[in-house]
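**Student:** Here it is, the structure in full.
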Amino acid sequence: MNKIVVTGATGLLGRALVKILSQSNNVIGTGFSRAKPPIEQLDLHDQAAITTFLDTHQPNVLVHAAAERKPDICENDHQATIALNVQAAEFLARQCKDRDIQFVLISTDYVFNGQSAPYNENAQRSPVNFYGQSKAQAEQAVLAVSPQHTIVRVPVLYGDVEYLAESAVTAIAEQVLKNHNSAHDDWAVRFPTHVEDIALTLNNLLAQTRDKHSGIFHISGNQSMTKYDMAVHIAKVLDIDTNGLEALPEPSQTAARPYNCALQDTRLNTMGIIHQRDFATALAKVLSQHTS
């Protein structure tokens, strides 16, 4: 049994990590603005607080899921993005190395430019927006601290949200509910991935010997779709006429988006670790909690 700290435990992925990892490990979740017991409050910008926390709890694994993940917010506040996505990650990685704690950084498919999919774990990073740049910098910093640390890249996430706008996938449902004739991006190809599949995969990975879970891993769903495709799935689940939905052939967001960042999970497949659920079935279950 590992003793695992999960940062960002109040977020969509963090909650799933705590839920799944707790089934076979001793897990301590941390958060900040939304933290309430049993989640412990930890300011990731307070280095003294971090060192005290690690020395007090003495975990043997730390999964760093806290990050600013919204590309448009990152584009508008570079300083805050670097502070959380890069500087906090690097400091945690150093403290973990000094204490022989396995450090796991949750990263993103947005470290790639989307022009040469699919991407294997060793593909060259070439982000097109500041969010992707910050995560690429974090990856480089963490592996420079120790090549034994772990990087886990994931694509767009969905799962048991507390409110529909919490994930980019279920936010589409909110748009469709408000406007049955809403318009959605039909350009960028995405691979929506359920957060519990990521948690299950990571749980299997951390059960391996330490030498087997260092370096870079990709965890991704295997169904490709645009946001418009997701909107059609959502409308069908909600029994809304799909004919009114509009497909936008070009991206229109503030921050540039990559076209197709399909992740090849080569290393995990070699290890026989695969958790991938059907998008339409899983999405229907998620939406039933908010629209029934």
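Chain labels A, B, ... are given in the sequence in which chains occur in the structure tokens; within each chain residues are numbered consecutively from 1, and ligands are likewise numbered from 1 in the order shown.
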Excluding same-chain residues fewer than 5 positions from Gln223 in chain A, what lies within 9 Å of it counting only C-alpha atoms, as a PyMOL selection string?
**Tutor:** chain A and resi 190-193+278-279
**Student:** Need the shell around Arg94 in chain A: protein/DNA/RNA residues with any atom at most 9 Å away, counting only C-alpha atoms. Skip same-chain ones fewer than 5 positions apart. Format as a list in words?
**Tutor:**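 Answer for this query is Ala89, Arg99, Val142, Val145 and Ser146 of chain A.
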**Student:** Could the residues in this selection be saved with C-alpha atoms as an mmCIF file, in the first residue's frame?
**Tutor:**
```cif
data_model
loop_
_atom_site.group_PDB
_atom_site.id
_atom_site.type_symbol
_atom_site.label_atom_id
_atom_site.label_comp_id
_atom_site.auth_asym_id
_atom_site.auth_seq_id
_atom_site.Cartn_x
_atom_site.Cartn_y
_atom_site.Cartn_z
ATOM 1 C CA ALA A 89 5.526 21.804 -10.077
ATOM 2 C CA ARG A 99 12.703 12.879 0.243
ATOM 3 C CA VAL A 142 10.363 17.959 -13.561
ATOM 4 C CA VAL A 145 15.065 17.398 -11.459
ATOM 5 C CA SER A 146 14.861 13.608 -11.797
#
```
**Student:** Extract the full set of strand (DSSP E) residues from range 57-287 of chain A according to DSSP on the backbone, and format it as a compact mmCIF listing (two decimals) with N, CA, C and O atoms, in the first residue's frame.
**Tutor:**
```txt
# COMPACT_ATOMS: atom_id res chain seq x y z
N VAL A 61 4.41 8.70 -2.55
CA VAL A 61 4.00 9.14 -3.89
C VAL A 61 3.28 10.48 -3.76
O VAL A 61 2.49 10.67 -2.83
N LEU A 62 3.54 11.40 -4.69
CA LEU A 62 2.78 12.65 -4.77
C LEU A 62 2.29 12.82 -6.20
O LEU A 62 3.10 12.86 -7.14
N VAL A 63 0.98 12.89 -6.38
CA VAL A 63 0.39 13.10 -7.70
C VAL A 63 -0.04 14.57 -7.78
O VAL A 63 -0.93 15.00 -7.04
N HIS A 64 0.60 15.31 -8.67
CA HIS A 64 0.36 16.75 -8.79
C HIS A 64 -0.68 17.00 -9.88
O HIS A 64 -0.35 17.11 -11.06
N GLN A 102 8.06 9.45 -4.99
CA GLN A 102 7.78 9.38 -6.43
C GLN A 102 6.84 10.54 -6.79
O GLN A 102 5.76 10.68 -6.22
N PHE A 103 7.27 11.36 -7.73
CA PHE A 103 6.49 12.53 -8.13
C PHE A 103 5.83 12.26 -9.48
O PHE A 103 6.48 11.83 -10.43
N VAL A 104 4.52 12.51 -9.55
CA VAL A 104 3.75 12.30 -10.78
C VAL A 104 3.12 13.63 -11.20
O VAL A 104 2.28 14.18 -10.47
N LEU A 105 3.53 14.14 -12.34
CA LEU A 105 2.96 15.38 -12.88
C LEU A 105 1.87 15.05 -13.89
O LEU A 105 2.11 14.33 -14.86
N ILE A 106 0.67 15.57 -13.67
CA ILE A 106 -0.38 15.44 -14.68
C ILE A 106 -0.18 16.54 -15.72
O ILE A 106 -0.23 17.72 -15.41
N SER A 107 0.06 16.12 -16.95
CA SER A 107 0.29 17.07 -18.04
C SER A 107 -0.82 16.94 -19.08
O SER A 107 -1.90 16.44 -18.78
N THR A 108 -0.56 17.37 -20.29
CA THR A 108 -1.63 17.55 -21.28
C THR A 108 -1.19 17.21 -22.70
O THR A 108 0.00 17.32 -23.03
N THR A 150 7.62 10.97 -12.88
CA THR A 150 6.64 10.49 -13.87
C THR A 150 5.83 11.65 -14.45
O THR A 150 5.37 12.51 -13.71
N ILE A 151 5.67 11.63 -15.76
CA ILE A 151 4.80 12.59 -16.46
C ILE A 151 3.64 11.80 -17.06
O ILE A 151 3.85 10.81 -17.76
N VAL A 152 2.41 12.24 -16.78
CA VAL A 152 1.23 11.59 -17.36
C VAL A 152 0.47 12.63 -18.18
O VAL A 152 -0.08 13.58 -17.64
N ARG A 153 0.46 12.45 -19.49
CA ARG A 153 -0.27 13.37 -20.37
C ARG A 153 -1.68 12.84 -20.60
O ARG A 153 -1.87 11.66 -20.85
N VAL A 154 -2.64 13.76 -20.50
CA VAL A 154 -4.05 13.40 -20.70
C VAL A 154 -4.70 14.42 -21.64
O VAL A 154 -4.25 15.56 -21.74
N LEU A 157 -10.98 16.18 -20.49
CA LEU A 157 -11.52 15.30 -19.47
C LEU A 157 -13.02 15.52 -19.24
O LEU A 157 -13.54 16.61 -19.41
N TYR A 158 -13.67 14.45 -18.81
CA TYR A 158 -15.06 14.55 -18.33
C TYR A 158 -15.25 13.52 -17.24
O TYR A 158 -14.37 12.67 -17.00
N ALA A 183 -24.00 26.81 -31.54
CA ALA A 183 -22.94 26.51 -32.50
C ALA A 183 -21.72 25.96 -31.76
O ALA A 183 -21.38 26.43 -30.67
N HIS A 184 -21.05 24.99 -32.37
CA HIS A 184 -19.93 24.32 -31.71
C HIS A 184 -18.80 24.06 -32.70
O HIS A 184 -19.03 23.75 -33.87
N ASP A 185 -17.57 24.13 -32.19
CA ASP A 185 -16.38 23.92 -33.00
C ASP A 185 -16.40 22.53 -33.66
O ASP A 185 -16.59 21.52 -32.98
N THR A 193 -11.81 11.85 -22.35
CA THR A 193 -11.35 10.75 -21.49
C THR A 193 -11.97 10.89 -20.10
O THR A 193 -11.91 11.97 -19.50
N HIS A 194 -12.54 9.81 -19.61
CA HIS A 194 -13.19 9.84 -18.30
C HIS A 194 -12.13 9.86 -17.20
O HIS A 194 -11.16 9.09 -17.24
N GLY A 215 9.34 8.36 -16.12
CA GLY A 215 9.28 8.87 -17.49
C GLY A 215 7.88 9.26 -17.90
O GLY A 215 7.02 9.54 -17.06
N ILE A 216 7.63 9.28 -19.20
CA ILE A 216 6.40 9.82 -19.76
C ILE A 216 5.41 8.73 -20.15
O ILE A 216 5.79 7.73 -20.78
N PHE A 217 4.14 8.94 -19.78
CA PHE A 217 3.06 8.04 -20.16
C PHE A 217 1.91 8.85 -20.76
O PHE A 217 1.69 10.00 -20.39
N HIS A 218 1.18 8.21 -21.68
CA HIS A 218 -0.02 8.80 -22.26
C HIS A 218 -1.24 8.00 -21.83
O HIS A 218 -1.24 6.77 -21.91
N GLU A 246 -25.36 23.85 -34.81
CA GLU A 246 -24.54 24.40 -35.91
C GLU A 246 -23.09 23.99 -35.75
O GLU A 246 -22.52 24.09 -34.66
N ALA A 247 -22.48 23.54 -36.83
CA ALA A 247 -21.06 23.16 -36.83
C ALA A 247 -20.22 24.33 -37.32
O ALA A 247 -20.47 24.88 -38.40
N LEU A 248 -19.24 24.72 -36.50
CA LEU A 248 -18.34 25.82 -36.86
C LEU A 248 -17.07 25.24 -37.47
O LEU A 248 -16.34 24.50 -36.80
```
**Student:** Considering only C-alpha atoms, return as an MDAnalysis selection string whatever protein or nucleic-acid residues lie within 9 Å of range 119-121 of chain A, sequence-local ones (same chain, fewer than 3 positions apart) excluded.
**Tutor:** chainID A and resid 109 112 114 116 124 153 215:218 261:267
**Student:** Restricting the output to C-alpha atoms, write the selected residues as a PDB file, in the first residue's frame.
**Tutor:**
```pdb
ATOM      1  CA  ASP A 109      -1.904  16.678 -24.965  1.00  0.00           C
ATOM      2  CA  PHE A 112       1.883  19.238 -29.034  1.00  0.00           C
ATOM      3  CA  GLY A 114      -1.663  18.986 -33.368  1.00  0.00           C
ATOM      4  CA  SER A 116       1.546  15.316 -36.607  1.00  0.00           C
ATOM      5  CA  GLN A 124       8.852  16.563 -29.690  1.00  0.00           C
ATOM      6  CA  ARG A 153      -0.270  13.370 -20.374  1.00  0.00           C
ATOM      7  CA  GLY A 215       9.280   8.866 -17.489  1.00  0.00           C
ATOM      8  CA  ILE A 216       6.397   9.824 -19.763  1.00  0.00           C
ATOM      9  CA  PHE A 217       3.055   8.037 -20.161  1.00  0.00           C
ATOM     10  CA  HIS A 218      -0.023   8.805 -22.261  1.00  0.00           C
ATOM     11  CA  CYS A 261      -3.252  15.834 -30.468  1.00  0.00           C
ATOM     12  CA  ALA A 262      -4.114  12.131 -30.455  1.00  0.00           C
ATOM     13  CA  LEU A 263      -1.958  10.433 -27.824  1.00  0.00           C
ATOM     14  CA  GLN A 264      -0.550   6.952 -28.406  1.00  0.00           C
ATOM     15  CA  ASP A 265      -0.477   5.102 -25.090  1.00  0.00           C
ATOM     16  CA  THR A 266       2.306   2.814 -26.289  1.00  0.00           C
ATOM     17  CA  ARG A 267       3.963   2.169 -22.932  1.00  0.00           C
TER      18      ARG A 267
END
```
**Student:** I need the residue nearest Asp100 in chain A from this list: A:Val156, A:Leu54, A:Ile172, A:Ala165. Use only C-alpha atoms for the distance.
**Tutor:**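 Among A:Val156, A:Leu54, A:Ile172, A:Ala165, it is A:Leu54 that comes nearest to Asp100 in chain A.
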**Student:** Could you check how far CA of Glu75 in chain A sits from CA of Thr30 in chain A, in Å to one decimal?
**Tutor:**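 Computing the Euclidean distance for CA of Glu75 in chain A and CA of Thr30 in chain A yields 26.0 Å.
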**Student:** I'd like to know which of A:Thr52, A:Asn122, A:Asn203, A:Gln137 is closest to Leu17 in chain A, using only C-alpha atoms.
**Tutor:** A:Asn203
**Student:** What is the CA of Lys19 in chain A-CA of Gly159 in chain A distance in Å, reported with one decimal?
**Tutor:**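 One can read the CA of Lys19 in chain A to CA of Gly159 in chain A distance as 12.5 Å.
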